[in-house]
file protein-v1.cif (mmCIF, C-alpha atoms)
data_final
loop_
_atom_site.label_atom_id
_atom_site.label_comp_id
_atom_site.auth_asym_id
_atom_site.auth_seq_id
_atom_site.Cartn_x
_atom_site.Cartn_y
_atom_site.Cartn_z
CA MET A 1 3.31 -78.93 6.79
CA ASN A 2 2.80 -75.62 4.96
CA ILE A 3 0.22 -77.19 2.64
CA ALA A 4 -1.70 -78.60 5.61
CA ILE A 5 -1.66 -75.19 7.33
CA ARG A 6 -2.83 -73.48 4.15
CA MET A 7 -5.65 -76.01 3.65
CA LEU A 8 -6.76 -75.62 7.26
CA THR A 9 -6.76 -71.81 6.87
CA ILE A 10 -8.86 -72.02 3.69
CA THR A 11 -11.28 -74.53 5.29
CA THR A 12 -11.68 -72.34 8.37
CA ILE A 13 -12.40 -69.25 6.25
CA ILE A 14 -14.92 -71.14 4.09
CA LEU A 15 -16.71 -72.55 7.15
CA TRP A 16 -16.87 -69.10 8.82
CA ILE A 17 -18.40 -67.68 5.62
CA VAL A 18 -20.95 -70.55 5.55
CA ILE A 19 -21.90 -69.94 9.21
CA LEU A 20 -22.20 -66.17 8.69
CA PHE A 21 -24.20 -66.62 5.47
CA PHE A 22 -26.56 -69.09 7.14
CA SER A 23 -27.00 -66.88 10.22
CA VAL A 24 -27.81 -63.73 8.24
CA THR A 25 -30.14 -65.49 5.77
CA ALA A 26 -31.83 -67.38 8.63
CA VAL A 27 -32.63 -64.10 10.43
CA TYR A 28 -34.03 -62.65 7.18
CA SER A 29 -36.03 -65.82 6.52
CA VAL A 30 -37.62 -65.71 9.97
CA MET A 31 -38.54 -62.04 9.39
CA ASN A 32 -40.22 -63.00 6.10
CA VAL A 33 -42.36 -65.83 7.45
CA GLY A 34 -45.96 -64.69 7.70
CA ILE A 35 -48.25 -66.44 10.16
CA ASN A 36 -51.95 -65.60 9.94
CA ILE A 37 -54.33 -67.00 12.51
CA GLY A 38 -58.02 -66.85 11.64
CA GLU A 39 -61.02 -66.63 13.91
CA VAL A 40 -62.05 -69.66 15.91
CA GLN A 41 -65.07 -71.30 14.31
CA MET A 42 -67.57 -73.41 16.21
CA LEU A 43 -69.09 -76.13 14.06
CA PRO A 44 -71.74 -78.69 15.06
CA SER A 45 -70.87 -82.37 14.79
CA SER A 46 -72.68 -85.65 15.42
CA LYS A 47 -71.09 -86.02 18.86
CA GLY A 48 -70.99 -82.41 19.99
CA ILE A 49 -69.13 -79.43 18.68
CA ILE A 50 -65.88 -78.83 16.86
CA PHE A 51 -63.69 -75.81 17.46
CA SER A 52 -61.72 -75.05 14.34
CA LEU A 53 -58.75 -72.69 14.29
CA PRO A 54 -57.75 -71.91 10.70
CA PHE A 55 -54.22 -70.67 10.12
CA SER A 56 -51.94 -70.06 7.21
CA ILE A 57 -48.17 -69.89 6.98
CA ASP A 58 -46.57 -67.93 4.17
CA ASN A 59 -42.95 -68.98 3.89
CA ASN A 60 -41.19 -66.18 1.99
CA GLY A 61 -37.85 -67.03 3.54
CA TYR A 62 -34.90 -68.88 2.05
CA TYR A 63 -35.35 -72.11 3.98
CA GLU A 64 -37.91 -74.86 4.38
CA LEU A 65 -40.04 -75.09 7.49
CA ALA A 66 -40.43 -78.77 8.34
CA ASP A 67 -42.34 -80.93 10.81
CA LEU A 68 -44.81 -78.26 11.91
CA ASN A 69 -46.68 -79.77 14.81
CA LEU A 70 -49.51 -78.11 16.71
CA THR A 71 -50.86 -79.97 19.72
CA THR A 72 -53.55 -78.87 22.13
CA ARG A 73 -54.40 -80.62 25.36
CA VAL A 74 -57.57 -79.70 27.21
CA THR A 75 -57.73 -80.68 30.87
CA ASP A 76 -60.32 -80.04 33.54
CA PRO A 77 -59.35 -78.37 36.84
CA ASP A 78 -58.49 -81.81 38.31
CA GLY A 79 -56.03 -82.46 35.50
CA THR A 80 -58.14 -85.05 33.69
CA VAL A 81 -57.42 -84.96 29.96
CA LEU A 82 -60.60 -84.15 28.04
CA ASP A 83 -59.05 -83.78 24.62
CA LEU A 84 -55.68 -84.21 22.95
CA THR A 85 -55.49 -83.09 19.34
CA GLU A 86 -52.54 -82.83 17.02
CA THR A 87 -52.17 -81.11 13.66
CA PHE A 88 -49.12 -81.95 11.61
CA VAL A 89 -47.80 -80.26 8.48
CA PRO A 90 -44.81 -82.24 7.18
CA SER A 91 -43.22 -79.51 5.11
CA ILE A 92 -43.62 -75.86 4.08
CA PRO A 93 -41.07 -75.35 1.28
CA GLN A 94 -39.63 -71.90 0.61
CA GLY A 95 -41.88 -69.58 -1.36
CA THR A 96 -45.06 -71.50 -0.59
CA ASN A 97 -48.19 -70.82 1.39
CA VAL A 98 -49.85 -73.52 3.47
CA ASN A 99 -53.39 -73.26 4.77
CA ALA A 100 -54.40 -75.60 7.57
CA SER A 101 -56.78 -75.68 10.46
CA HIS A 102 -56.45 -77.12 13.91
CA THR A 103 -59.69 -78.78 14.98
CA ILE A 104 -60.58 -79.59 18.56
CA PRO A 105 -63.58 -81.93 18.72
CA ILE A 106 -65.55 -81.63 21.94
CA ASP A 107 -67.43 -84.85 22.62
CA LEU A 108 -70.28 -83.68 24.82
CA ASP A 109 -71.25 -87.27 25.69
CA THR A 110 -67.85 -87.75 27.35
CA ILE A 111 -67.75 -84.40 29.08
CA MET A 112 -71.29 -84.71 30.37
CA SER A 113 -70.91 -88.22 31.68
CA MET A 114 -71.20 -89.17 35.35
CA ASP A 115 -67.45 -88.66 35.74
CA HIS A 116 -67.81 -84.97 35.06
CA VAL A 117 -71.04 -84.14 36.91
CA PRO A 118 -69.43 -81.15 38.66
CA LEU A 119 -68.87 -79.65 35.20
CA LEU A 120 -72.61 -79.91 34.57
CA LEU A 121 -73.62 -78.16 37.74
CA ASN A 122 -70.80 -75.73 38.47
CA ASP A 123 -69.03 -73.15 36.35
CA SER A 124 -65.40 -74.00 35.97
CA SER A 125 -62.45 -73.45 33.71
CA PHE A 126 -60.54 -75.70 31.36
CA ASN A 127 -56.82 -75.56 31.05
CA VAL A 128 -55.71 -75.52 27.42
CA GLU A 129 -52.06 -76.34 26.88
CA ILE A 130 -50.73 -75.45 23.45
CA PHE A 131 -47.52 -76.95 22.10
CA ALA A 132 -46.14 -75.94 18.72
CA GLY A 133 -42.94 -77.09 17.13
CA LEU A 134 -41.20 -76.83 13.82
CA ASN A 135 -37.83 -77.52 12.36
CA PHE A 136 -36.34 -74.44 10.71
CA ALA A 137 -34.20 -75.36 7.70
CA ARG A 138 -34.08 -78.88 9.19
CA THR A 139 -31.33 -77.47 11.41
CA VAL A 140 -32.88 -75.36 14.15
CA PRO A 141 -35.78 -76.95 16.04
CA VAL A 142 -38.11 -74.36 17.55
CA GLN A 143 -40.67 -75.17 20.21
CA LEU A 144 -43.37 -73.01 21.64
CA SER A 145 -45.71 -73.70 24.52
CA ALA A 146 -48.46 -71.72 26.18
CA ASN A 147 -51.16 -72.23 28.76
CA ILE A 148 -54.60 -70.73 28.35
CA THR A 149 -57.48 -70.90 30.77
CA MET A 150 -60.83 -71.27 29.03
CA PRO A 151 -63.96 -70.56 31.09
CA TRP A 152 -66.58 -73.31 31.12
CA GLY A 153 -70.19 -72.41 31.66
CA ALA A 154 -72.20 -75.18 33.33
CA PRO A 155 -75.42 -76.05 31.47
CA PHE A 156 -77.24 -76.75 34.75
CA ALA A 157 -75.60 -74.09 36.93
CA HIS A 158 -77.16 -73.40 40.33
CA PHE A 159 -79.48 -76.39 39.92
CA SER A 160 -81.87 -76.55 42.83
CA VAL A 161 -84.90 -78.54 43.81
CA GLY A 162 -87.47 -76.81 46.01
CA SER A 163 -89.79 -78.38 48.54
CA ILE A 164 -92.13 -80.97 47.08
CA SER A 165 -95.82 -80.31 47.47
CA VAL A 166 -98.34 -83.16 47.16
CA SER A 167 -102.00 -82.76 46.33
CA PRO A 168 -104.70 -85.31 45.46
CA TYR A 169 -105.18 -85.74 41.72
CA ASN A 170 -107.99 -88.30 41.53
CA SER A 171 -109.26 -91.24 43.54
CA THR A 172 -106.23 -93.43 42.71
CA HIS A 173 -103.36 -90.97 42.15
CA SER A 174 -101.71 -88.00 43.78
CA GLU A 175 -99.93 -85.14 42.07
CA ALA A 176 -96.48 -84.08 43.30
CA ALA A 177 -95.11 -80.72 42.20
CA ILE A 178 -91.33 -80.41 42.23
CA PRO A 179 -89.95 -76.90 41.75
CA VAL A 180 -86.79 -77.06 39.68
CA SER A 181 -84.58 -74.16 38.70
CA PHE A 182 -81.20 -73.73 37.02
CA GLU A 183 -79.27 -71.38 34.80
CA ASN A 184 -77.81 -72.41 31.45
CA HIS A 185 -74.34 -70.86 31.45
CA ALA A 186 -73.20 -73.05 28.52
CA ILE A 187 -72.56 -71.73 25.03
CA LEU A 188 -75.18 -74.15 23.67
CA ASP A 189 -78.94 -74.12 24.11
CA ILE A 190 -80.23 -76.93 26.31
CA THR A 191 -83.07 -78.68 24.52
CA GLY A 192 -84.27 -82.17 25.43
CA THR A 193 -86.21 -84.13 27.98
CA LEU A 194 -85.63 -84.01 31.72
CA LYS A 195 -86.64 -87.19 33.52
CA LEU A 196 -86.99 -87.37 37.29
CA GLU A 197 -87.08 -90.43 39.47
CA PHE A 198 -87.42 -89.60 43.11
CA TYR A 199 -86.63 -91.87 46.02
CA ASN A 200 -87.27 -91.60 49.73
CA ASN A 201 -84.55 -91.76 52.38
CA SER A 202 -84.71 -95.60 52.30
CA ASP A 203 -83.99 -95.49 48.54
CA GLU A 204 -87.48 -96.76 47.70
CA PRO A 205 -88.84 -95.37 44.41
CA ILE A 206 -91.72 -92.99 44.93
CA ALA A 207 -92.51 -91.56 41.52
CA SER A 208 -91.09 -90.59 38.19
CA GLY A 209 -91.95 -88.03 35.57
CA MET A 210 -90.68 -86.43 32.44
CA THR A 211 -90.85 -83.00 30.87
CA ALA A 212 -89.49 -81.34 27.77
CA ILE A 213 -87.27 -78.37 28.39
CA SER A 214 -85.69 -75.79 26.13
CA VAL A 215 -83.38 -73.28 27.74
CA PRO A 216 -81.41 -70.94 25.51
CA SER A 217 -77.80 -70.18 26.34
CA GLN A 218 -77.33 -67.73 29.24
CA GLN A 219 -81.00 -68.04 30.24
CA SER A 220 -82.60 -69.26 33.47
CA TYR A 221 -85.12 -72.02 33.86
CA ALA A 222 -87.60 -72.25 36.70
CA ASP A 223 -90.69 -74.46 36.64
CA ARG A 224 -92.71 -76.88 38.72
CA LEU A 225 -92.43 -80.40 37.35
CA LEU A 226 -95.53 -82.46 37.93
CA VAL A 227 -95.35 -86.19 38.62
CA TYR A 228 -98.22 -88.54 39.37
CA THR A 229 -98.07 -91.48 41.70
CA ARG A 230 -100.39 -94.01 43.26
CA LEU A 231 -101.81 -93.18 46.65
CA HIS A 232 -100.06 -96.03 48.47
CA ASP A 233 -96.68 -95.01 46.94
CA ILE A 234 -97.02 -91.39 48.01
CA SER A 235 -97.43 -92.59 51.59
CA LYS A 236 -93.75 -93.70 51.40
CA LEU A 237 -92.63 -90.11 50.74
CA THR A 238 -90.26 -88.89 53.42
CA GLY A 239 -89.06 -85.40 54.25
CA SER A 240 -85.77 -85.98 52.50
CA GLY A 241 -84.40 -88.26 49.80
CA ASN A 242 -82.79 -88.20 46.42
CA ILE A 243 -83.91 -87.39 42.92
CA HIS A 244 -82.29 -89.14 39.97
CA MET A 245 -82.15 -86.57 37.19
CA ILE A 246 -81.73 -87.76 33.61
CA PHE A 247 -81.43 -85.27 30.79
CA GLU A 248 -81.52 -86.60 27.24
CA ASN A 249 -81.12 -84.97 23.89
CA PRO A 250 -79.99 -86.37 20.51
CA MET A 251 -76.33 -85.47 21.20
CA PHE A 252 -75.85 -86.68 24.76
CA THR A 253 -77.44 -88.13 27.88
CA VAL A 254 -76.51 -86.97 31.34
CA GLU A 255 -77.66 -88.15 34.72
CA TRP A 256 -76.95 -87.16 38.26
CA TRP A 257 -78.40 -87.33 41.74
CA GLU A 258 -79.88 -84.35 43.50
CA PRO A 259 -80.95 -84.40 47.15
CA TYR A 260 -84.25 -82.92 48.22
CA GLY A 261 -85.70 -81.93 51.57
CA MET B 1 22.93 -49.99 18.80
CA ALA B 2 20.64 -47.01 18.32
CA GLU B 3 20.84 -47.56 14.52
CA LEU B 4 19.91 -51.22 14.97
CA ASP B 5 16.91 -50.28 17.12
CA SER B 6 15.84 -47.69 14.57
CA ASN B 7 16.03 -50.25 11.76
CA PHE B 8 14.10 -52.79 13.83
CA VAL B 9 11.38 -50.24 14.56
CA THR B 10 11.00 -49.01 10.97
CA LYS B 11 11.35 -52.37 9.23
CA THR B 12 9.65 -54.72 11.67
CA VAL B 13 7.64 -52.99 14.38
CA LEU B 14 6.05 -50.13 12.41
CA PRO B 15 4.70 -52.28 9.52
CA ARG B 16 3.31 -54.76 12.06
CA VAL B 17 1.65 -51.99 14.09
CA LEU B 18 0.17 -50.48 10.92
CA LYS B 19 -0.98 -53.92 9.71
CA ALA B 20 -2.45 -54.62 13.18
CA ALA B 21 -4.29 -51.28 13.17
CA VAL B 22 -5.72 -51.95 9.70
CA TRP B 23 -6.73 -55.50 10.68
CA GLY B 24 -8.25 -54.24 13.95
CA THR B 25 -10.34 -51.65 12.11
CA PHE B 26 -11.35 -54.13 9.42
CA THR B 27 -12.34 -56.70 12.06
CA PHE B 28 -14.37 -54.12 13.99
CA VAL B 29 -16.24 -53.14 10.83
CA MET B 30 -16.86 -56.78 9.86
CA VAL B 31 -17.95 -58.17 13.21
CA TYR B 32 -19.68 -55.17 14.79
CA TYR B 33 -20.57 -52.33 12.45
CA LEU B 34 -21.74 -54.45 9.49
CA PRO B 35 -23.90 -56.93 11.50
CA LEU B 36 -25.43 -54.00 13.40
CA MET B 37 -26.40 -52.46 10.05
CA LEU B 38 -27.73 -55.76 8.69
CA ILE B 39 -29.82 -56.76 11.70
CA PRO B 40 -33.31 -55.27 11.32
CA LYS B 41 -33.97 -52.45 13.78
CA ASP B 42 -37.64 -53.33 14.28
CA ILE B 43 -37.02 -56.57 16.21
CA PRO B 44 -38.77 -56.16 19.58
CA GLN B 45 -36.16 -56.42 22.35
CA ASN B 46 -38.35 -58.72 24.47
CA ILE B 47 -38.42 -61.49 21.85
CA LEU B 48 -34.64 -61.76 21.81
CA PRO B 49 -33.07 -64.11 24.32
CA PHE B 50 -30.27 -61.63 25.07
CA ASP B 51 -29.20 -58.04 24.51
CA TYR B 52 -27.70 -58.60 21.07
CA THR B 53 -25.92 -55.21 20.81
CA ALA B 54 -24.06 -55.78 24.10
CA ARG B 55 -23.13 -59.36 23.14
CA LEU B 56 -22.05 -58.23 19.67
CA LEU B 57 -19.82 -55.63 21.30
CA ASP B 58 -18.31 -58.33 23.58
CA PHE B 59 -17.61 -60.45 20.51
CA ALA B 60 -16.19 -57.44 18.63
CA VAL B 61 -13.85 -56.50 21.49
CA ILE B 62 -12.54 -60.08 21.70
CA SER B 63 -12.17 -60.32 17.90
CA VAL B 64 -10.41 -56.94 17.58
CA PHE B 65 -8.04 -57.73 20.48
CA PHE B 66 -7.03 -61.08 18.99
CA ALA B 67 -6.82 -59.63 15.45
CA VAL B 68 -4.43 -56.93 16.69
CA VAL B 69 -2.21 -59.20 18.81
CA GLY B 70 -2.36 -61.87 16.09
CA GLN B 71 -0.90 -59.37 13.60
CA LEU B 72 1.63 -57.96 16.07
CA PHE B 73 2.99 -61.43 16.83
CA SER B 74 2.36 -63.03 13.42
CA GLY B 75 4.87 -65.66 12.42
CA THR B 76 5.87 -66.30 16.03
CA VAL B 77 4.99 -69.01 18.52
CA ILE B 78 3.36 -66.34 20.74
CA GLY B 79 1.11 -65.42 17.78
CA CYS B 80 0.08 -69.07 17.47
CA GLY B 81 -0.61 -69.13 21.22
CA PHE B 82 -2.89 -66.11 20.84
CA GLY B 83 -4.61 -67.90 17.90
CA ILE B 84 -5.34 -70.92 20.10
CA ALA B 85 -6.50 -68.64 22.94
CA LYS B 86 -8.80 -66.80 20.52
CA ALA B 87 -10.43 -70.07 19.41
CA LEU B 88 -10.94 -71.21 23.01
CA VAL B 89 -12.37 -67.83 24.07
CA ILE B 90 -14.78 -67.79 21.10
CA ILE B 91 -15.96 -71.36 21.88
CA ALA B 92 -16.57 -70.34 25.52
CA LEU B 93 -18.27 -67.08 24.51
CA PHE B 94 -20.69 -68.75 22.09
CA PHE B 95 -21.36 -71.52 24.59
CA VAL B 96 -22.26 -68.98 27.29
CA ILE B 97 -24.29 -66.69 24.97
CA SER B 98 -26.31 -69.60 23.53
CA GLU B 99 -26.83 -71.17 26.98
CA GLY B 100 -25.34 -74.44 25.78
CA GLY B 101 -27.15 -74.29 22.46
CA VAL B 102 -30.72 -74.11 23.73
CA PHE B 103 -32.34 -70.72 24.22
CA SER B 104 -35.42 -70.49 26.40
CA ILE B 105 -37.43 -67.28 26.31
CA THR B 106 -40.61 -66.44 28.18
CA LEU B 107 -42.76 -63.94 26.34
CA PRO B 108 -45.76 -62.35 28.05
CA ILE B 109 -48.29 -61.81 25.25
CA SER B 110 -51.37 -60.02 26.69
CA GLU B 111 -52.53 -62.41 29.45
CA VAL B 112 -50.83 -65.50 28.06
CA THR B 113 -47.27 -66.52 28.84
CA VAL B 114 -45.57 -68.11 25.86
CA ASN B 115 -42.44 -70.19 26.35
CA LEU B 116 -40.18 -70.32 23.31
CA THR B 117 -37.32 -72.79 23.03
CA LEU B 118 -34.79 -72.45 20.24
CA ASP B 119 -32.30 -75.26 19.74
CA ILE B 120 -29.25 -73.90 17.91
CA SER B 121 -26.95 -76.70 19.02
CA THR B 122 -26.18 -77.59 15.37
CA ILE B 123 -24.92 -74.06 14.69
CA LEU B 124 -22.99 -74.08 17.98
CA LEU B 125 -21.43 -77.38 16.95
CA MET B 126 -20.38 -75.83 13.62
CA ILE B 127 -18.78 -72.87 15.42
CA ILE B 128 -16.95 -75.22 17.83
CA SER B 129 -15.75 -77.34 14.87
CA VAL B 130 -14.40 -74.30 13.01
CA ASN B 131 -12.57 -73.14 16.13
CA LEU B 132 -11.14 -76.62 16.70
CA LEU B 133 -9.83 -76.48 13.13
CA SER B 134 -8.35 -73.08 13.97
CA ILE B 135 -6.64 -74.59 17.05
CA ALA B 136 -5.24 -77.39 14.87
CA LYS B 137 -3.99 -74.85 12.33
CA ASN B 138 -2.24 -72.79 15.04
CA LEU B 139 -0.64 -75.91 16.53
CA PHE B 140 0.71 -76.90 13.11
CA GLU B 141 1.97 -73.35 12.61
CA ALA B 142 3.73 -73.37 16.00
CA ILE B 143 5.31 -76.74 15.23
CA SER B 144 6.43 -75.45 11.83
CA ILE B 145 7.97 -72.27 13.35
CA LEU B 146 9.79 -74.29 16.04
CA ASN B 147 10.97 -76.76 13.40
CA GLU B 148 12.37 -73.98 11.21
CA ALA B 149 14.05 -72.37 14.23
CA SER B 150 15.70 -75.65 15.23
CA ASN B 151 16.96 -76.19 11.65
CA ARG B 152 18.65 -72.74 11.77
CA ILE B 153 20.80 -73.65 14.79
CA ASP B 154 24.41 -73.66 13.72
CA LEU B 155 26.11 -76.63 15.43
CA THR B 156 29.60 -75.81 14.18
#
call {"tool": "encode", "arguments": {"input": "protein-v1.cif", "output": "structure tokens"}}
result
Amino acid sequence: MNIAIRMLTITTIILWIVILFFSVTAVYSVMNVGINIGEVQMLPSSKGIIFSLPFSIDNNGYYELADLNLTTRVTDPDGTVLDLTETFVPSIPQGTNVNASHTIPIDLDTIMSMDHVPLLLNDSSFNVEIFAGLNFARTVPVQLSANITMPWGAPFAHFSVGSISVSPYNSTHSEAAIPVSFENHAILDITGTLKLEFYNNSDEPIASGMTAISVPSQQSYADRLLVYTRLHDISKLTGSGNIHMIFENPMFTVEWWEPYG
Amino acid sequence: MAELDSNFVTKTVLPRVLKAAVWGTFTFVMVYYLPLMLIPKDIPQNILPFDYTARLLDFAVISVFFAVVGQLFSGTVIGCGFGIAKALVIIALFFVISEGGVFSITLPISEVTVNLTLDISTILLMIISVNLLSIAKNLFEAISILNEASNRIDLT
């Protein structure tokens, strides 16, 4: 009995020392972990743009940092997931420095599709959810989460179509002038071709035209787009209808409907 | 009778009180003063899930109390009872302080609210295991004391 009691006493003392040693060294290790976050870089890509967040972790502590996981989820105001990106660093051993970068590719073709027309025409904000997790000394899992609201500038903000004026062009065609204006609130310049197909209130095609536009970021655009149509087609023009707008550039194509009249 | 009481006080009570005082002081230094010196002073209070100085003092008070009564009643069944009580109180204290092993802190950093979750359930499990061992040790000790006492009974 006495031997068992003595062994239990020794075991208890040893385990308390282990717990105390681990606790103290863990606190010191956490204090000696250096996390440096660089500036966000915006890089062009074939499908749009890539936001890159470089970071480095300098582990000067006594324990390994394992399973570092950084996940970002970008959602629009309706909660639709626009992007889900994960960066994983399997292990940062003690005394080492790890450089990594978290890249968020923004596929403009997806964002500027018909499903997200309101994002083209109205300023909005994206919700960026950040989740980070790591396993300290493979014993203490740590998780971190944050929500950031990122403003989104619409490339065709305040898009408006003025009243269409028709004038004879020659003996067979008429010229229709369509005043178009918008503001480019996006971070990118808008350069491409803007195609218009306008329809009367019975959805009959009246005319179509195309123009090249180049609107730098944070600049306004206002111009009269000229389209030519046969005389018998212009007779179908009604006071109101719809214009099918198609904007194309090498990176993406967007289209939407705009009422006139 | 007075001589017997005087002998009991000088040979049994006084050494135990002195030993208990020394153990109480030593425990206070080990569990309160030393950790307070070791913990870096520049830790911002808002990143800690609890007021660590107040909790450390709670732990120190409990440890000193049980160290003192443990020494005063050492070698007795009451002492073993206090040992078991100490282990149970420490398990409960750590369970309450660590919120069941998972700390959740909300840190307002400029305009962003960061939620930090720290899972120390492994460490909590280690502390519970050590205290369970301590309970086992005290039970064995109590059984041993009772066994010795029963063997001393003179049946003649």
call {"tool": "atom_distance", "arguments": {"input": "protein-v1.cif", "atom1": "atom CA of Asp223 of chain A", "atom2": "atom CA of Phe182 of chain A"}}
result
9.5 Å
call {"tool": "resolve_selection", "arguments": {"input": "protein-v1.cif", "expression": "the PyMOL selection byres ((chain A) within 10 of (chain B))", "output": "PyMOL selection string"}}
result
chain A and resi 1-2+4-9+11-16+18-20+22-24+27-28+31+130-133+135-136+139-149
call {"tool": "atom_distance", "arguments": {"input": "protein-v1.cif", "atom1": "atom CA of Thr76 of chain B", "atom2": "atom CA of Ile3 of chain A"}}
result
18.2 Å
call {"tool": "resolve_selection", "arguments": {"input": "protein-v1.cif", "expression": "the PyMOL selection byres ((chain A and resi 178) around 6)", "output": "PyMOL selection string"}}
result
chain A and resi 164+177+179+224-225
call {"tool": "resolve_selection", "arguments": {"input": "protein-v1.cif", "expression": "the PyMOL selection byres ((chain A and resi 208-220) around 8)", "output": "ChimeraX atom specification"}}
result
/A:181-198,206-207,221-222,225-229
call {"tool": "residues_around", "arguments": {"input": "protein-v1.cif", "residues": "Ile104 of chain A", "least_positions_apart": "6", "cutoff": "9 Å", "atoms": "all atoms listed in the file", "output": "list in words"}}
result
Ile49, Ile50, Phe51, Ser52, Leu53, Thr72, Asp83, Leu84, Thr85 and Glu86 of chain A
call {"tool": "closest_residue", "arguments": {"input": "protein-v1.cif", "among": "A:Val74, A:Glu129, A:Ser174, A:Pro105", "to": "Trp152 of chain A", "atoms": "only C-alpha atoms"}}
result
A:Val74
call {"tool": "residues_around", "arguments": {"input": "protein-v1.cif", "residues": "segment 55-71 of chain A", "least_positions_apart": "3", "cutoff": "7 Å", "atoms": "all atoms listed in the file", "output": "mmCIF file with C-alpha atoms, in the coordinates of the input"}}
result
data_model
loop_
_atom_site.group_PDB
_atom_site.id
_atom_site.type_symbol
_atom_site.label_atom_id
_atom_site.label_comp_id
_atom_site.auth_asym_id
_atom_site.auth_seq_id
_atom_site.Cartn_x
_atom_site.Cartn_y
_atom_site.Cartn_z
ATOM 1 C CA THR A 25 -30.140 -65.490 5.770
ATOM 2 C CA TYR A 28 -34.030 -62.650 7.180
ATOM 3 C CA SER A 29 -36.030 -65.820 6.520
ATOM 4 C CA VAL A 30 -37.620 -65.710 9.970
ATOM 5 C CA ASN A 32 -40.220 -63.000 6.100
ATOM 6 C CA VAL A 33 -42.360 -65.830 7.450
ATOM 7 C CA GLY A 34 -45.960 -64.690 7.700
ATOM 8 C CA ILE A 35 -48.250 -66.440 10.160
ATOM 9 C CA ASN A 36 -51.950 -65.600 9.940
ATOM 10 C CA ILE A 37 -54.330 -67.000 12.510
ATOM 11 C CA GLY A 38 -58.020 -66.850 11.640
ATOM 12 C CA THR A 85 -55.490 -83.090 19.340
ATOM 13 C CA GLU A 86 -52.540 -82.830 17.020
ATOM 14 C CA THR A 87 -52.170 -81.110 13.660
ATOM 15 C CA PHE A 88 -49.120 -81.950 11.610
ATOM 16 C CA VAL A 89 -47.800 -80.260 8.480
ATOM 17 C CA PRO A 90 -44.810 -82.240 7.180
ATOM 18 C CA SER A 91 -43.220 -79.510 5.110
ATOM 19 C CA ILE A 92 -43.620 -75.860 4.080
ATOM 20 C CA PRO A 93 -41.070 -75.350 1.280
ATOM 21 C CA GLN A 94 -39.630 -71.900 0.610
ATOM 22 C CA GLY A 95 -41.880 -69.580 -1.360
ATOM 23 C CA THR A 96 -45.060 -71.500 -0.590
ATOM 24 C CA ASN A 97 -48.190 -70.820 1.390
ATOM 25 C CA VAL A 98 -49.850 -73.520 3.470
ATOM 26 C CA ASN A 99 -53.390 -73.260 4.770
ATOM 27 C CA ALA A 100 -54.400 -75.600 7.570
ATOM 28 C CA SER A 101 -56.780 -75.680 10.460
ATOM 29 C CA ILE A 130 -50.730 -75.450 23.450
ATOM 30 C CA PHE A 131 -47.520 -76.950 22.100
ATOM 31 C CA ALA A 132 -46.140 -75.940 18.720
ATOM 32 C CA GLY A 133 -42.940 -77.090 17.130
ATOM 33 C CA LEU A 134 -41.200 -76.830 13.820
ATOM 34 C CA ASN A 135 -37.830 -77.520 12.360
ATOM 35 C CA PHE A 136 -36.340 -74.440 10.710
ATOM 36 C CA ALA A 137 -34.200 -75.360 7.700
ATOM 37 C CA ARG A 138 -34.080 -78.880 9.190
#
